[in-house]
file run.tsv (TSV, C-alpha atoms)
chain	number	residue	atom	x	y	z
A	1	MET	CA	-6.42	103.86	-124.86
A	2	PHE	CA	-7.37	101.72	-121.86
A	3	VAL	CA	-7.61	103.09	-118.32
A	4	LEU	CA	-8.36	101.66	-114.88
A	5	VAL	CA	-11.40	103.28	-113.27
A	6	GLU	CA	-12.26	102.92	-109.59
A	7	MET	CA	-15.95	102.19	-109.05
A	8	VAL	CA	-18.32	101.36	-106.18
A	9	ASP	CA	-21.51	99.34	-106.57
A	10	THR	CA	-23.86	97.19	-104.50
A	11	VAL	CA	-23.95	93.69	-105.94
A	12	ARG	CA	-26.89	91.33	-105.47
A	13	ILE	CA	-26.06	87.61	-105.28
A	14	CYS	CA	-28.96	85.20	-105.71
A	15	PRO	CA	-29.33	82.28	-103.25
A	16	TRP	CA	-28.51	79.66	-105.90
A	17	ASP	CA	-25.06	81.24	-106.25
A	18	PHE	CA	-24.22	81.01	-102.54
A	19	HIS	CA	-22.16	77.86	-103.17
A	20	LYS	CA	-19.63	79.94	-105.14
A	21	GLN	CA	-16.76	81.86	-103.63
A	22	LEU	CA	-18.02	85.37	-102.85
A	23	ASN	CA	-15.31	87.06	-104.96
A	24	ASP	CA	-16.09	84.80	-107.95
A	25	ALA	CA	-19.83	85.39	-107.70
A	26	ILE	CA	-19.36	89.17	-107.42
A	27	ALA	CA	-16.90	89.25	-110.35
A	28	GLU	CA	-19.40	87.34	-112.49
A	29	GLU	CA	-22.22	89.74	-111.61
A	30	LEU	CA	-20.10	92.84	-112.23
A	31	ASN	CA	-19.00	91.62	-115.66
A	32	LYS	CA	-22.58	90.67	-116.49
A	33	LYS	CA	-23.72	94.18	-115.55
A	34	LEU	CA	-20.91	96.30	-117.00
A	35	ALA	CA	-18.96	94.45	-119.71
A	36	ASN	CA	-19.45	95.98	-123.19
A	37	LYS	CA	-21.59	98.77	-121.70
A	38	VAL	CA	-20.92	102.51	-121.90
A	39	VAL	CA	-20.90	104.39	-118.60
A	40	TYR	CA	-21.75	108.07	-119.04
A	41	ASN	CA	-18.63	110.28	-118.95
A	42	VAL	CA	-16.47	107.23	-118.18
A	43	GLY	CA	-16.16	105.16	-121.38
A	44	LEU	CA	-16.74	101.65	-122.72
A	45	CYS	CA	-16.35	99.05	-119.96
A	46	ILE	CA	-14.26	96.04	-121.00
A	47	CYS	CA	-13.72	93.72	-118.01
A	48	LEU	CA	-13.16	93.61	-114.26
A	49	TYR	CA	-9.54	94.17	-113.23
A	50	ASP	CA	-9.71	93.49	-109.48
A	51	ILE	CA	-11.81	93.88	-106.34
A	52	THR	CA	-10.19	96.23	-103.81
A	53	LYS	CA	-12.66	96.06	-100.92
A	54	LEU	CA	-15.73	94.08	-99.85
A	55	GLU	CA	-18.01	95.52	-97.21
A	56	ASP	CA	-20.44	93.51	-95.08
A	57	SER	CA	-23.16	91.54	-96.87
A	58	TYR	CA	-26.81	91.93	-95.92
A	59	ILE	CA	-29.98	89.91	-96.54
A	60	PHE	CA	-33.09	92.07	-96.47
A	61	PRO	CA	-36.56	90.91	-95.36
A	62	GLY	CA	-38.53	89.46	-98.25
A	63	ASP	CA	-35.41	89.00	-100.40
A	64	GLY	CA	-33.28	85.89	-100.00
A	65	ALA	CA	-30.38	87.36	-101.98
A	66	SER	CA	-27.31	88.91	-100.38
A	67	HIS	CA	-26.37	92.55	-101.01
A	68	THR	CA	-22.71	93.53	-100.81
A	69	LYS	CA	-21.15	96.95	-101.32
A	70	VAL	CA	-18.07	96.43	-103.51
A	71	HIS	CA	-15.10	98.68	-104.32
A	72	PHE	CA	-13.41	97.56	-107.54
A	73	ARG	CA	-11.33	98.64	-110.54
A	74	TYR	CA	-12.59	98.16	-114.09
A	75	VAL	CA	-10.76	98.23	-117.43
A	76	VAL	CA	-12.34	100.96	-119.59
A	77	PHE	CA	-11.77	102.01	-123.20
A	78	HIS	CA	-11.39	105.78	-123.02
A	79	PRO	CA	-8.67	107.25	-125.27
A	80	PHE	CA	-7.29	110.59	-124.22
A	81	LEU	CA	-7.59	113.58	-126.54
A	82	ASP	CA	-4.78	113.80	-129.15
A	83	GLU	CA	-4.04	110.07	-128.79
A	84	VAL	CA	-3.16	108.40	-132.11
A	85	LEU	CA	-5.01	105.13	-132.82
A	86	VAL	CA	-5.15	102.63	-135.68
A	87	GLY	CA	-8.48	101.18	-136.79
A	88	LYS	CA	-10.23	99.96	-139.93
A	89	ILE	CA	-12.65	101.82	-142.18
A	90	LYS	CA	-16.14	100.44	-141.58
A	91	TYR	CA	-17.88	102.50	-144.26
A	92	CYS	CA	-18.07	106.01	-145.72
A	93	SER	CA	-21.00	108.42	-145.90
A	94	GLN	CA	-21.67	112.10	-146.46
A	95	GLU	CA	-21.01	112.57	-142.73
A	96	GLY	CA	-17.43	111.36	-143.14
A	97	VAL	CA	-15.38	108.20	-142.65
A	98	HIS	CA	-16.68	105.75	-140.05
A	99	VAL	CA	-13.96	103.74	-138.32
A	100	THR	CA	-14.06	100.59	-136.18
A	101	MET	CA	-11.58	99.27	-133.64
A	102	GLY	CA	-13.11	95.80	-133.84
A	103	PHE	CA	-14.71	96.08	-130.40
A	104	PHE	CA	-15.84	99.73	-130.77
A	105	ASP	CA	-17.53	101.12	-133.89
A	106	ASP	CA	-18.61	104.66	-133.05
A	107	ILE	CA	-15.67	106.62	-134.46
A	108	LEU	CA	-16.23	109.37	-137.02
A	109	ILE	CA	-13.74	111.37	-139.07
A	110	PRO	CA	-15.76	114.33	-140.49
A	111	PRO	CA	-15.09	115.66	-144.01
A	112	GLU	CA	-13.24	118.78	-142.80
A	113	SER	CA	-10.79	116.56	-140.87
A	114	LEU	CA	-9.75	114.46	-143.89
A	115	GLN	CA	-6.58	115.03	-145.91
A	116	GLN	CA	-7.39	117.96	-148.19
A	117	PRO	CA	-8.51	118.35	-150.90
A	118	ALA	CA	-11.02	115.54	-150.35
A	119	LYS	CA	-14.26	114.68	-152.13
A	120	PHE	CA	-17.02	112.10	-151.79
A	121	ASP	CA	-17.53	109.66	-154.67
A	122	GLU	CA	-21.31	109.18	-154.80
A	123	ALA	CA	-21.08	106.19	-157.15
A	124	GLU	CA	-18.56	104.25	-155.05
A	125	GLN	CA	-19.75	105.69	-151.72
A	126	VAL	CA	-16.17	106.37	-150.59
A	127	TRP	CA	-14.12	109.42	-149.74
A	128	LEU	CA	-10.94	110.10	-151.67
A	129	TRP	CA	-7.92	112.33	-151.26
A	130	GLU	CA	-6.97	114.25	-154.42
A	131	TYR	CA	-3.23	114.02	-153.88
A	132	GLU	CA	-1.29	116.59	-155.87
A	133	THR	CA	1.99	115.52	-157.54
A	134	ASP	CA	4.22	116.95	-160.25
A	135	GLU	CA	2.39	114.70	-162.70
A	136	GLY	CA	-1.04	115.91	-161.63
A	137	ALA	CA	-3.65	114.83	-159.10
A	138	HIS	CA	-3.98	111.19	-158.01
A	139	ASP	CA	-7.15	109.93	-156.37
A	140	LEU	CA	-6.35	107.97	-153.19
A	141	TYR	CA	-9.49	106.08	-152.17
A	142	MET	CA	-10.46	105.33	-148.56
A	143	ASP	CA	-11.90	101.87	-149.15
A	144	GLN	CA	-13.82	99.78	-146.64
A	145	GLY	CA	-11.60	97.48	-144.56
A	146	GLU	CA	-8.43	99.55	-145.04
A	147	GLU	CA	-6.34	100.23	-141.92
A	148	ILE	CA	-6.33	103.90	-140.98
A	149	ARG	CA	-4.30	105.91	-138.47
A	150	PHE	CA	-6.12	108.85	-136.87
A	151	ARG	CA	-5.81	111.27	-133.98
A	152	VAL	CA	-8.62	111.68	-131.43
A	153	THR	CA	-9.81	115.30	-131.35
A	154	ASP	CA	-13.07	115.11	-129.41
A	155	GLU	CA	-15.46	112.78	-127.60
A	156	VAL	CA	-19.23	112.92	-127.29
A	157	PHE	CA	-21.23	111.26	-124.51
A	158	VAL	CA	-25.01	111.02	-124.84
A	159	ASP	CA	-27.22	110.04	-121.91
A	160	THR	CA	-29.33	107.21	-123.35
A	161	SER	CA	-31.05	106.33	-120.06
A	162	PRO	CA	-34.72	105.39	-120.52
A	163	THR	CA	-37.13	108.29	-120.15
A	164	GLY	CA	-40.87	108.45	-119.73
A	165	PRO	CA	-43.23	108.82	-122.67
A	166	ALA	CA	-43.31	112.28	-124.19
A	167	THR	CA	-46.59	114.05	-123.58
A	168	SER	CA	-47.82	117.07	-125.42
A	169	SER	CA	-50.81	119.15	-124.40
A	170	GLU	CA	-50.79	120.92	-127.76
A	171	GLN	CA	-52.10	117.92	-129.72
A	172	PRO	CA	-55.84	118.07	-130.37
A	173	ALA	CA	-57.99	115.28	-129.02
A	174	SER	CA	-58.55	112.49	-131.51
A	175	GLN	CA	-61.99	112.03	-132.97
A	176	PRO	CA	-63.85	108.70	-132.78
A	177	GLY	CA	-62.49	106.35	-135.40
A	178	GLN	CA	-59.39	108.47	-135.92
A	179	SER	CA	-56.02	106.72	-135.76
A	180	THR	CA	-53.85	107.67	-132.80
A	181	ALA	CA	-50.68	106.08	-134.20
A	182	PRO	CA	-47.74	108.46	-134.64
A	183	PRO	CA	-46.57	109.27	-138.18
A	184	PRO	CA	-43.93	106.89	-139.59
A	185	GLU	CA	-41.09	109.41	-139.24
A	186	ALA	CA	-41.97	109.95	-135.57
A	187	ALA	CA	-42.30	106.24	-134.83
A	188	VAL	CA	-38.81	105.47	-136.06
A	189	GLU	CA	-36.28	107.53	-134.13
A	190	LYS	CA	-32.59	107.50	-134.94
A	191	LYS	CA	-30.75	105.60	-132.24
A	192	GLU	CA	-27.94	107.71	-130.82
A	193	ALA	CA	-24.63	106.19	-129.84
A	194	PRO	CA	-23.93	106.68	-126.12
A	195	TYR	CA	-20.22	107.31	-126.77
A	196	THR	CA	-18.65	108.64	-129.97
A	197	LEU	CA	-15.06	109.53	-130.80
A	198	ILE	CA	-14.27	112.28	-133.32
A	199	GLY	CA	-10.95	111.98	-135.17
A	200	THR	CA	-8.78	113.68	-137.75
A	201	ILE	CA	-6.35	112.53	-140.45
A	202	SER	CA	-5.49	115.98	-141.83
A	203	GLU	CA	-1.84	115.77	-140.77
A	204	PRO	CA	1.31	114.18	-142.23
A	205	GLY	CA	1.57	110.50	-141.32
A	206	LEU	CA	-2.15	110.14	-140.64
A	207	GLY	CA	-4.63	108.37	-142.89
A	208	LEU	CA	-4.46	104.99	-144.58
A	209	LEU	CA	-1.36	103.04	-143.58
A	210	SER	CA	-0.85	102.09	-147.23
A	211	TRP	CA	-0.35	105.76	-148.14
A	212	TRP	CA	2.73	106.06	-145.99
A	213	ASN	CA	4.11	102.51	-146.03
A	214	ASN	CA	4.67	102.67	-149.76

call {"tool": "encode", "arguments": {"input": "run.tsv", "output": "structure tokens"}}
result
Amino acid sequence: MFVLVEMVDTVRICPWDFHKQLNDAIAEELNKKLANKVVYNVGLCICLYDITKLEDSYIFPGDGASHTKVHFRYVVFHPFLDEVLVGKIKYCSQEGVHVTMGFFDDILIPPESLQQPAKFDEAEQVWLWEYETDEGAHDLYMDQGEEIRFRVTDEVFVDTSPTGPATSSEQPASQPGQSTAPPPEAAVEKKEAPYTLIGTISEPGLGLLSWWNN
């Protein structure tokens, strides 16, 4: 679930932090820059583990801060594929069951990866497993806040780096007095998660812990 990742970065230390030990000042800056951030194709950064090498520090003309190239190891949340994790159901939607680890919320179990047969209760807004027994089918609900065991089947990284404004030469020039504001649906774009885990519970032993503990 957690891995150590070797990284290299140039850290800028402001003059008012020169009274601190260099390692302490660098560790503070690295955690400020990386902690709780997703690095593309790496994972969710948690905290600094250690500093393995400090190169020479430089002060450039016109900038009173020091610049130090740092080699370090960082603790990163990046489960491997097929790893089994336990989280809690955050909410359900037509897209599937959304799961949280407490510190990471972007986990989705799609409908086809639920215990089958499954159906979505529109009134309650929850998914349920129609469990077949000798006495007939029993509806096992996947309620919010329930602990759930799932297996990681895929991961999706999205580059959310800032980009320039989109320009289109196909739009006609606006007339005097005509509004240039974009339509409401264009103004509000869906924010994409930079890192998403896809899971499954369609196997024996997976799903709500209460299903198997009882």

call {"tool": "closest_atom_pairs", "arguments": {"input": "run.tsv", "of": "range 54-153 of chain A", "to": "range 193-213 of chain A", "cutoff": "8 Å", "atoms": "all atoms listed in the file", "output": "CSV"}}
result
residue,atom,partner,partner_atom,distance
A:Asp106,CA,A:Thr196,CA,5.0
A:Ile107,CA,A:Leu197,CA,4.7
A:Leu108,CA,A:Ile198,CA,5.1
A:Ile109,CA,A:Gly199,CA,4.8
A:Pro110,CA,A:Thr200,CA,7.5
A:Ser113,CA,A:Thr200,CA,4.7
A:Leu114,CA,A:Ser202,CA,5.0
A:Gln115,CA,A:Ser202,CA,4.3
A:Gln116,CA,A:Ser202,CA,6.9
A:Met142,CA,A:Leu208,CA,7.2
A:Glu146,CA,A:Leu208,CA,6.8
A:Glu147,CA,A:Leu208,CA,5.8
A:Ile148,CA,A:Leu208,CA,4.2
A:Arg149,CA,A:Gly207,CA,5.1
A:Phe150,CA,A:Ile201,CA,5.1
A:Arg151,CA,A:Gly199,CA,5.3
A:Val152,CA,A:Gly199,CA,4.4
A:Thr153,CA,A:Gly199,CA,5.2

call {"tool": "residues_around", "arguments": {"input": "run.tsv", "residues": "Val38 in chain A", "least_positions_apart": "5", "cutoff": "10 Å", "atoms": "all atoms listed in the file", "output": "list of chain:residue names"}}
result
A:Gly43, A:Leu44, A:Cys45, A:Ile46, A:Val76, A:Phe77, A:Phe157, A:Val158, A:Asp159, A:Thr160, A:Ala193, A:Pro194, A:Tyr195

call {"tool": "atom_distance", "arguments": {"input": "run.tsv", "atom1": "CA of Ala27 in chain A", "atom2": "CA of Ser57 in chain A"}}
result
15.0 Å

call {"tool": "closest_residue", "arguments": {"input": "run.tsv", "among": "A:Val75, A:Val126, A:Ala118, A:Val97", "to": "Glu6 in chain A", "atoms": "all atoms listed in the file"}}
result
A:Val75

call {"tool": "closest_residue", "arguments": {"input": "run.tsv", "among": "A:Gly64, A:Val39, A:Thr133, A:Val86", "to": "Trp16 in chain A", "atoms": "only C-alpha atoms"}}
result
A:Gly64

call {"tool": "closest_residue", "arguments": {"input": "run.tsv", "among": "A:Val99, A:Leu22, A:Ile89, A:Val84", "to": "Val70 in chain A", "atoms": "all atoms listed in the file"}}
result
A:Leu22

call {"tool": "closest_residue", "arguments": {"input": "run.tsv", "among": "A:Phe120, A:Trp127, A:Phe104, A:Tyr58", "to": "Val11 in chain A", "atoms": "only C-alpha atoms"}}
result
A:Tyr58

call {"tool": "closest_residue", "arguments": {"input": "run.tsv", "among": "A:Leu54, A:Trp129, A:Asp154, A:Phe103", "to": "Lys37 in chain A", "atoms": "only C-alpha atoms"}}
result
A:Phe103
